[in-house]
Amino acid sequence: MGTEHHIIARDALGNRSKRSGNLQCPHCKAVAEVRSSEMVTPTHRIIYYDCTNTFCGHTWRASLSYEYGLVPSAIPDPDVNLPLRIVPREQVLDALRERDPNQPDFFDQDVSDAA
Ligand SMILES: [Zn+2]
């Protein structure tokens with residue numbers, strides 16, 4: 001399978017994992033931080049990133065688009081159009097499996113290889 005799916009894991013108490021939405025700088029591969037973001041629509045955001053490597057200093061704009069829902073909301077907003085998709089059981093179990101902390105984060109993967 002060419003595409004990896006990651007699901008934000010929660011521990012037994014329901015706390016989110018410490019993994020965040022930080023990206024890797026495309027030039028020096030250091031961690032980048034979100035400087036600011038703005039909502040375009042409820043399912044699309046524009047995000048501005050700063051590289052944390054002082055010797056690099058790259059900044060860039062990225063976008064985040066929601067693709068589909070996995071479980072319907074109990075309080076759905078009628079203005080939000082986010083289709084639901086059924087995910088195969090094996091795919092969910094694989095994504096929930098404990099991950100190696102040395103593996104890249106959610107946004108670290110090179111999406112150009114995913115096709
Ligand atoms: Zn950098």
# chains A, B, ... in the order shown; residues from 1 in each chain; ligands from 1
>>> residues_around(residues="Trp60 (chain A)", least_positions_apart="4", cutoff="12 Å", atoms="only C-alpha atoms", output="PDB file with N, CA, C and O atoms, in the first residue's frame")
ATOM      1  N   LEU A  23       5.548  20.726  11.415  1.00  0.00           N
ATOM      2  CA  LEU A  23       6.110  20.196  10.174  1.00  0.00           C
ATOM      3  C   LEU A  23       7.627  20.217  10.244  1.00  0.00           C
ATOM      4  O   LEU A  23       8.211  20.828  11.134  1.00  0.00           O
ATOM      5  N   GLN A  24       8.223  19.577   9.275  1.00  0.00           N
ATOM      6  CA  GLN A  24       9.666  19.622   9.084  1.00  0.00           C
ATOM      7  C   GLN A  24       9.967  20.708   8.052  1.00  0.00           C
ATOM      8  O   GLN A  24       9.248  20.824   7.058  1.00  0.00           O
ATOM      9  N   CYS A  25      11.032  21.460   8.284  1.00  0.00           N
ATOM     10  CA  CYS A  25      11.462  22.435   7.284  1.00  0.00           C
ATOM     11  C   CYS A  25      11.853  21.668   6.011  1.00  0.00           C
ATOM     12  O   CYS A  25      12.604  20.700   6.074  1.00  0.00           O
ATOM     13  N   PRO A  26      11.345  22.098   4.850  1.00  0.00           N
ATOM     14  CA  PRO A  26      11.681  21.370   3.629  1.00  0.00           C
ATOM     15  C   PRO A  26      13.152  21.511   3.248  1.00  0.00           C
ATOM     16  O   PRO A  26      13.684  20.678   2.519  1.00  0.00           O
ATOM     17  N   HIS A  27      13.841  22.544   3.751  1.00  0.00           N
ATOM     18  CA  HIS A  27      15.229  22.775   3.367  1.00  0.00           C
ATOM     19  C   HIS A  27      16.219  22.098   4.293  1.00  0.00           C
ATOM     20  O   HIS A  27      17.132  21.408   3.843  1.00  0.00           O
ATOM     21  N   ALA A  32       9.626  22.748  12.413  1.00  0.00           N
ATOM     22  CA  ALA A  32       9.088  24.081  12.169  1.00  0.00           C
ATOM     23  C   ALA A  32       7.883  24.282  13.069  1.00  0.00           C
ATOM     24  O   ALA A  32       7.199  23.329  13.417  1.00  0.00           O
ATOM     25  N   GLU A  33       7.654  25.526  13.455  1.00  0.00           N
ATOM     26  CA  GLU A  33       6.537  25.838  14.333  1.00  0.00           C
ATOM     27  C   GLU A  33       5.506  26.678  13.600  1.00  0.00           C
ATOM     28  O   GLU A  33       5.852  27.460  12.710  1.00  0.00           O
ATOM     29  N   VAL A  34       4.260  26.545  14.033  1.00  0.00           N
ATOM     30  CA  VAL A  34       3.190  27.351  13.462  1.00  0.00           C
ATOM     31  C   VAL A  34       3.323  28.776  13.977  1.00  0.00           C
ATOM     32  O   VAL A  34       3.354  29.013  15.182  1.00  0.00           O
ATOM     33  N   ARG A  35       3.458  29.737  13.066  1.00  0.00           N
ATOM     34  CA  ARG A  35       3.501  31.145  13.469  1.00  0.00           C
ATOM     35  C   ARG A  35       2.073  31.673  13.608  1.00  0.00           C
ATOM     36  O   ARG A  35       1.722  32.321  14.578  1.00  0.00           O
ATOM     37  N   SER A  36       1.240  31.378  12.610  1.00  0.00           N
ATOM     38  CA  SER A  36      -0.158  31.790  12.661  1.00  0.00           C
ATOM     39  C   SER A  36      -0.949  30.939  11.681  1.00  0.00           C
ATOM     40  O   SER A  36      -0.372  30.272  10.825  1.00  0.00           O
ATOM     41  N   SER A  37      -2.252  30.964  11.846  1.00  0.00           N
ATOM     42  CA  SER A  37      -3.103  30.256  10.897  1.00  0.00           C
ATOM     43  C   SER A  37      -4.421  30.991  10.778  1.00  0.00           C
ATOM     44  O   SER A  37      -4.793  31.775  11.659  1.00  0.00           O
ATOM     45  N   ILE A  46      -5.277  27.921   6.317  1.00  0.00           N
ATOM     46  CA  ILE A  46      -3.979  28.341   5.814  1.00  0.00           C
ATOM     47  C   ILE A  46      -3.086  28.487   7.044  1.00  0.00           C
ATOM     48  O   ILE A  46      -3.481  29.095   8.037  1.00  0.00           O
ATOM     49  N   ILE A  47      -1.884  27.919   6.986  1.00  0.00           N
ATOM     50  CA  ILE A  47      -0.987  27.910   8.139  1.00  0.00           C
ATOM     51  C   ILE A  47       0.379  28.453   7.724  1.00  0.00           C
ATOM     52  O   ILE A  47       0.916  28.057   6.684  1.00  0.00           O
ATOM     53  N   TYR A  48       0.929  29.355   8.552  1.00  0.00           N
ATOM     54  CA  TYR A  48       2.264  29.911   8.298  1.00  0.00           C
ATOM     55  C   TYR A  48       3.257  29.272   9.257  1.00  0.00           C
ATOM     56  O   TYR A  48       3.013  29.226  10.467  1.00  0.00           O
ATOM     57  N   TYR A  49       4.351  28.767   8.714  1.00  0.00           N
ATOM     58  CA  TYR A  49       5.353  28.054   9.503  1.00  0.00           C
ATOM     59  C   TYR A  49       6.686  28.791   9.520  1.00  0.00           C
ATOM     60  O   TYR A  49       7.070  29.424   8.537  1.00  0.00           O
ATOM     61  N   ASP A  50       7.393  28.668  10.669  1.00  0.00           N
ATOM     62  CA  ASP A  50       8.762  29.173  10.822  1.00  0.00           C
ATOM     63  C   ASP A  50       9.668  27.992  11.125  1.00  0.00           C
ATOM     64  O   ASP A  50       9.383  27.196  12.030  1.00  0.00           O
ATOM     65  N   CYS A  51      10.781  27.888  10.422  1.00  0.00           N
ATOM     66  CA  CYS A  51      11.796  26.896  10.756  1.00  0.00           C
ATOM     67  C   CYS A  51      12.479  27.320  12.055  1.00  0.00           C
ATOM     68  O   CYS A  51      12.752  28.496  12.267  1.00  0.00           O
TER      69      CYS A  51
END
>>> residues_near_ligand(ligand="ligand 1", cutoff="6 Å", atoms="only C-alpha atoms and all ligand atoms", output="PDB file with all heavy atoms, in the first residue's frame")
ATOM      1  N   CYS A  25      11.032  21.460   8.284  1.00  0.00           N
ATOM      2  CA  CYS A  25      11.462  22.435   7.284  1.00  0.00           C
ATOM      3  C   CYS A  25      11.853  21.668   6.011  1.00  0.00           C
ATOM      4  O   CYS A  25      12.604  20.700   6.074  1.00  0.00           O
ATOM      5  CB  CYS A  25      12.659  23.227   7.801  1.00  0.00           C
ATOM      6  SG  CYS A  25      13.370  24.321   6.551  1.00  0.00           S
ATOM      7  N   HIS A  27      13.841  22.544   3.751  1.00  0.00           N
ATOM      8  CA  HIS A  27      15.229  22.775   3.367  1.00  0.00           C
ATOM      9  C   HIS A  27      16.219  22.098   4.293  1.00  0.00           C
ATOM     10  O   HIS A  27      17.132  21.408   3.843  1.00  0.00           O
ATOM     11  CB  HIS A  27      15.519  24.283   3.309  1.00  0.00           C
ATOM     12  CG  HIS A  27      14.783  24.948   2.200  1.00  0.00           C
ATOM     13  ND1 HIS A  27      15.123  24.783   0.885  1.00  0.00           N
ATOM     14  CD2 HIS A  27      13.687  25.747   2.215  1.00  0.00           C
ATOM     15  CE1 HIS A  27      14.285  25.460   0.113  1.00  0.00           C
ATOM     16  NE2 HIS A  27      13.392  26.054   0.907  1.00  0.00           N
ATOM     17  N   CYS A  28      16.063  22.292   5.619  1.00  0.00           N
ATOM     18  CA  CYS A  28      17.058  21.763   6.554  1.00  0.00           C
ATOM     19  C   CYS A  28      16.529  20.608   7.393  1.00  0.00           C
ATOM     20  O   CYS A  28      17.269  20.018   8.164  1.00  0.00           O
ATOM     21  CB  CYS A  28      17.589  22.881   7.457  1.00  0.00           C
ATOM     22  SG  CYS A  28      16.399  23.387   8.710  1.00  0.00           S
ATOM     23  N   LYS A  29      15.249  20.300   7.266  1.00  0.00           N
ATOM     24  CA  LYS A  29      14.595  19.179   7.972  1.00  0.00           C
ATOM     25  C   LYS A  29      14.454  19.392   9.474  1.00  0.00           C
ATOM     26  O   LYS A  29      14.084  18.479  10.196  1.00  0.00           O
ATOM     27  CB  LYS A  29      15.303  17.833   7.723  1.00  0.00           C
ATOM     28  CG  LYS A  29      15.666  17.543   6.279  1.00  0.00           C
ATOM     29  CD  LYS A  29      14.471  17.634   5.359  1.00  0.00           C
ATOM     30  CE  LYS A  29      14.869  17.252   3.935  1.00  0.00           C
ATOM     31  NZ  LYS A  29      14.282  18.107   2.918  1.00  0.00           N
ATOM     32  N   ALA A  30      14.751  20.591   9.977  1.00  0.00           N
ATOM     33  CA  ALA A  30      14.519  20.874  11.396  1.00  0.00           C
ATOM     34  C   ALA A  30      13.014  21.012  11.628  1.00  0.00           C
ATOM     35  O   ALA A  30      12.232  21.202  10.690  1.00  0.00           O
ATOM     36  CB  ALA A  30      15.239  22.162  11.800  1.00  0.00           C
ATOM     37  N   CYS A  51      10.781  27.888  10.422  1.00  0.00           N
ATOM     38  CA  CYS A  51      11.796  26.896  10.756  1.00  0.00           C
ATOM     39  C   CYS A  51      12.479  27.320  12.055  1.00  0.00           C
ATOM     40  O   CYS A  51      12.752  28.496  12.267  1.00  0.00           O
ATOM     41  CB  CYS A  51      12.826  26.814   9.628  1.00  0.00           C
ATOM     42  SG  CYS A  51      14.200  25.712  10.023  1.00  0.00           S
ATOM     43  N   ASN A  53      15.438  26.312  13.051  1.00  0.00           N
ATOM     44  CA  ASN A  53      16.891  26.298  12.892  1.00  0.00           C
ATOM     45  C   ASN A  53      17.364  27.724  12.586  1.00  0.00           C
ATOM     46  O   ASN A  53      17.072  28.272  11.514  1.00  0.00           O
ATOM     47  CB  ASN A  53      17.266  25.344  11.752  1.00  0.00           C
ATOM     48  CG  ASN A  53      18.749  25.299  11.491  1.00  0.00           C
ATOM     49  OD1 ASN A  53      19.524  26.076  12.057  1.00  0.00           O
ATOM     50  ND2 ASN A  53      19.144  24.402  10.618  1.00  0.00           N
ATOM     51  N   CYS A  56      18.956  28.494   9.322  1.00  0.00           N
ATOM     52  CA  CYS A  56      18.113  28.352   8.126  1.00  0.00           C
ATOM     53  C   CYS A  56      17.106  29.496   8.068  1.00  0.00           C
ATOM     54  O   CYS A  56      17.186  30.352   7.195  1.00  0.00           O
ATOM     55  CB  CYS A  56      17.401  26.996   8.146  1.00  0.00           C
ATOM     56  SG  CYS A  56      16.210  26.794   6.802  1.00  0.00           S
ATOM     57  N   GLY A  57      16.160  29.493   9.022  1.00  0.00           N
ATOM     58  CA  GLY A  57      15.224  30.608   9.124  1.00  0.00           C
ATOM     59  C   GLY A  57      14.124  30.657   8.081  1.00  0.00           C
ATOM     60  O   GLY A  57      13.423  31.664   7.957  1.00  0.00           O
ATOM     61  N   HIS A  58      13.965  29.573   7.326  1.00  0.00           N
ATOM     62  CA  HIS A  58      12.936  29.556   6.281  1.00  0.00           C
ATOM     63  C   HIS A  58      11.542  29.731   6.892  1.00  0.00           C
ATOM     64  O   HIS A  58      11.271  29.237   7.987  1.00  0.00           O
ATOM     65  CB  HIS A  58      13.016  28.210   5.544  1.00  0.00           C
ATOM     66  CG  HIS A  58      12.106  28.076   4.379  1.00  0.00           C
ATOM     67  ND1 HIS A  58      12.007  29.023   3.393  1.00  0.00           N
ATOM     68  CD2 HIS A  58      11.247  27.079   4.033  1.00  0.00           C
ATOM     69  CE1 HIS A  58      11.139  28.622   2.494  1.00  0.00           C
ATOM     70  NE2 HIS A  58      10.654  27.442   2.858  1.00  0.00           N
TER      71      HIS A  58
END
>>> residues_around(residues="His44 (chain A)", least_positions_apart="2", cutoff="6 Å", atoms="only C-alpha atoms", output="list in words")
Val40, Thr41, Pro42, Leu64 and Ser65 of chain A
>>> write_last_selection(atoms="N, CA and C atoms", output="short mmCIF file (atom, residue, chain, number, x, y, z; two decimals), in the first residue's frame")
data_model
loop_
_atom_site.label_atom_id
_atom_site.label_comp_id
_atom_site.auth_asym_id
_atom_site.auth_seq_id
_atom_site.Cartn_x
_atom_site.Cartn_y
_atom_site.Cartn_z
N VAL A 40 -10.06 29.33 6.35
CA VAL A 40 -10.63 29.70 5.06
C VAL A 40 -12.08 29.25 5.03
N THR A 41 -12.30 27.99 5.37
CA THR A 41 -13.63 27.43 5.56
C THR A 41 -13.51 26.54 6.81
N PRO A 42 -14.63 26.04 7.35
CA PRO A 42 -14.51 25.16 8.52
C PRO A 42 -13.67 23.91 8.27
N LEU A 64 -4.17 23.22 5.10
CA LEU A 64 -4.67 21.98 5.70
C LEU A 64 -6.13 21.84 5.30
N SER A 65 -6.42 20.75 4.59
CA SER A 65 -7.79 20.48 4.17
C SER A 65 -8.27 19.18 4.80
#
>>> atom_distance(atom1="CA of Val80 (chain A)", atom2="CA of Thr43 (chain A)")
7.6 Å
>>> closest_residue(among="A:Val87, A:Val31, A:Glu38, A:Arg45", to="Val71 (chain A)", atoms="only C-alpha atoms")
A:Val87
>>> atom_distance(atom1="CA of Ile75 (chain A)", atom2="CA of Ser63 (chain A)")
25.8 Å
>>> atom_distance(atom1="CA of Val92 (chain A)", atom2="CA of Met39 (chain A)")
28.6 Å
>>> closest_residue(among="A:Gln91, A:Asp79, A:Thr52, A:Leu84", to="Glu67 (chain A)", atoms="only C-alpha atoms")
A:Leu84
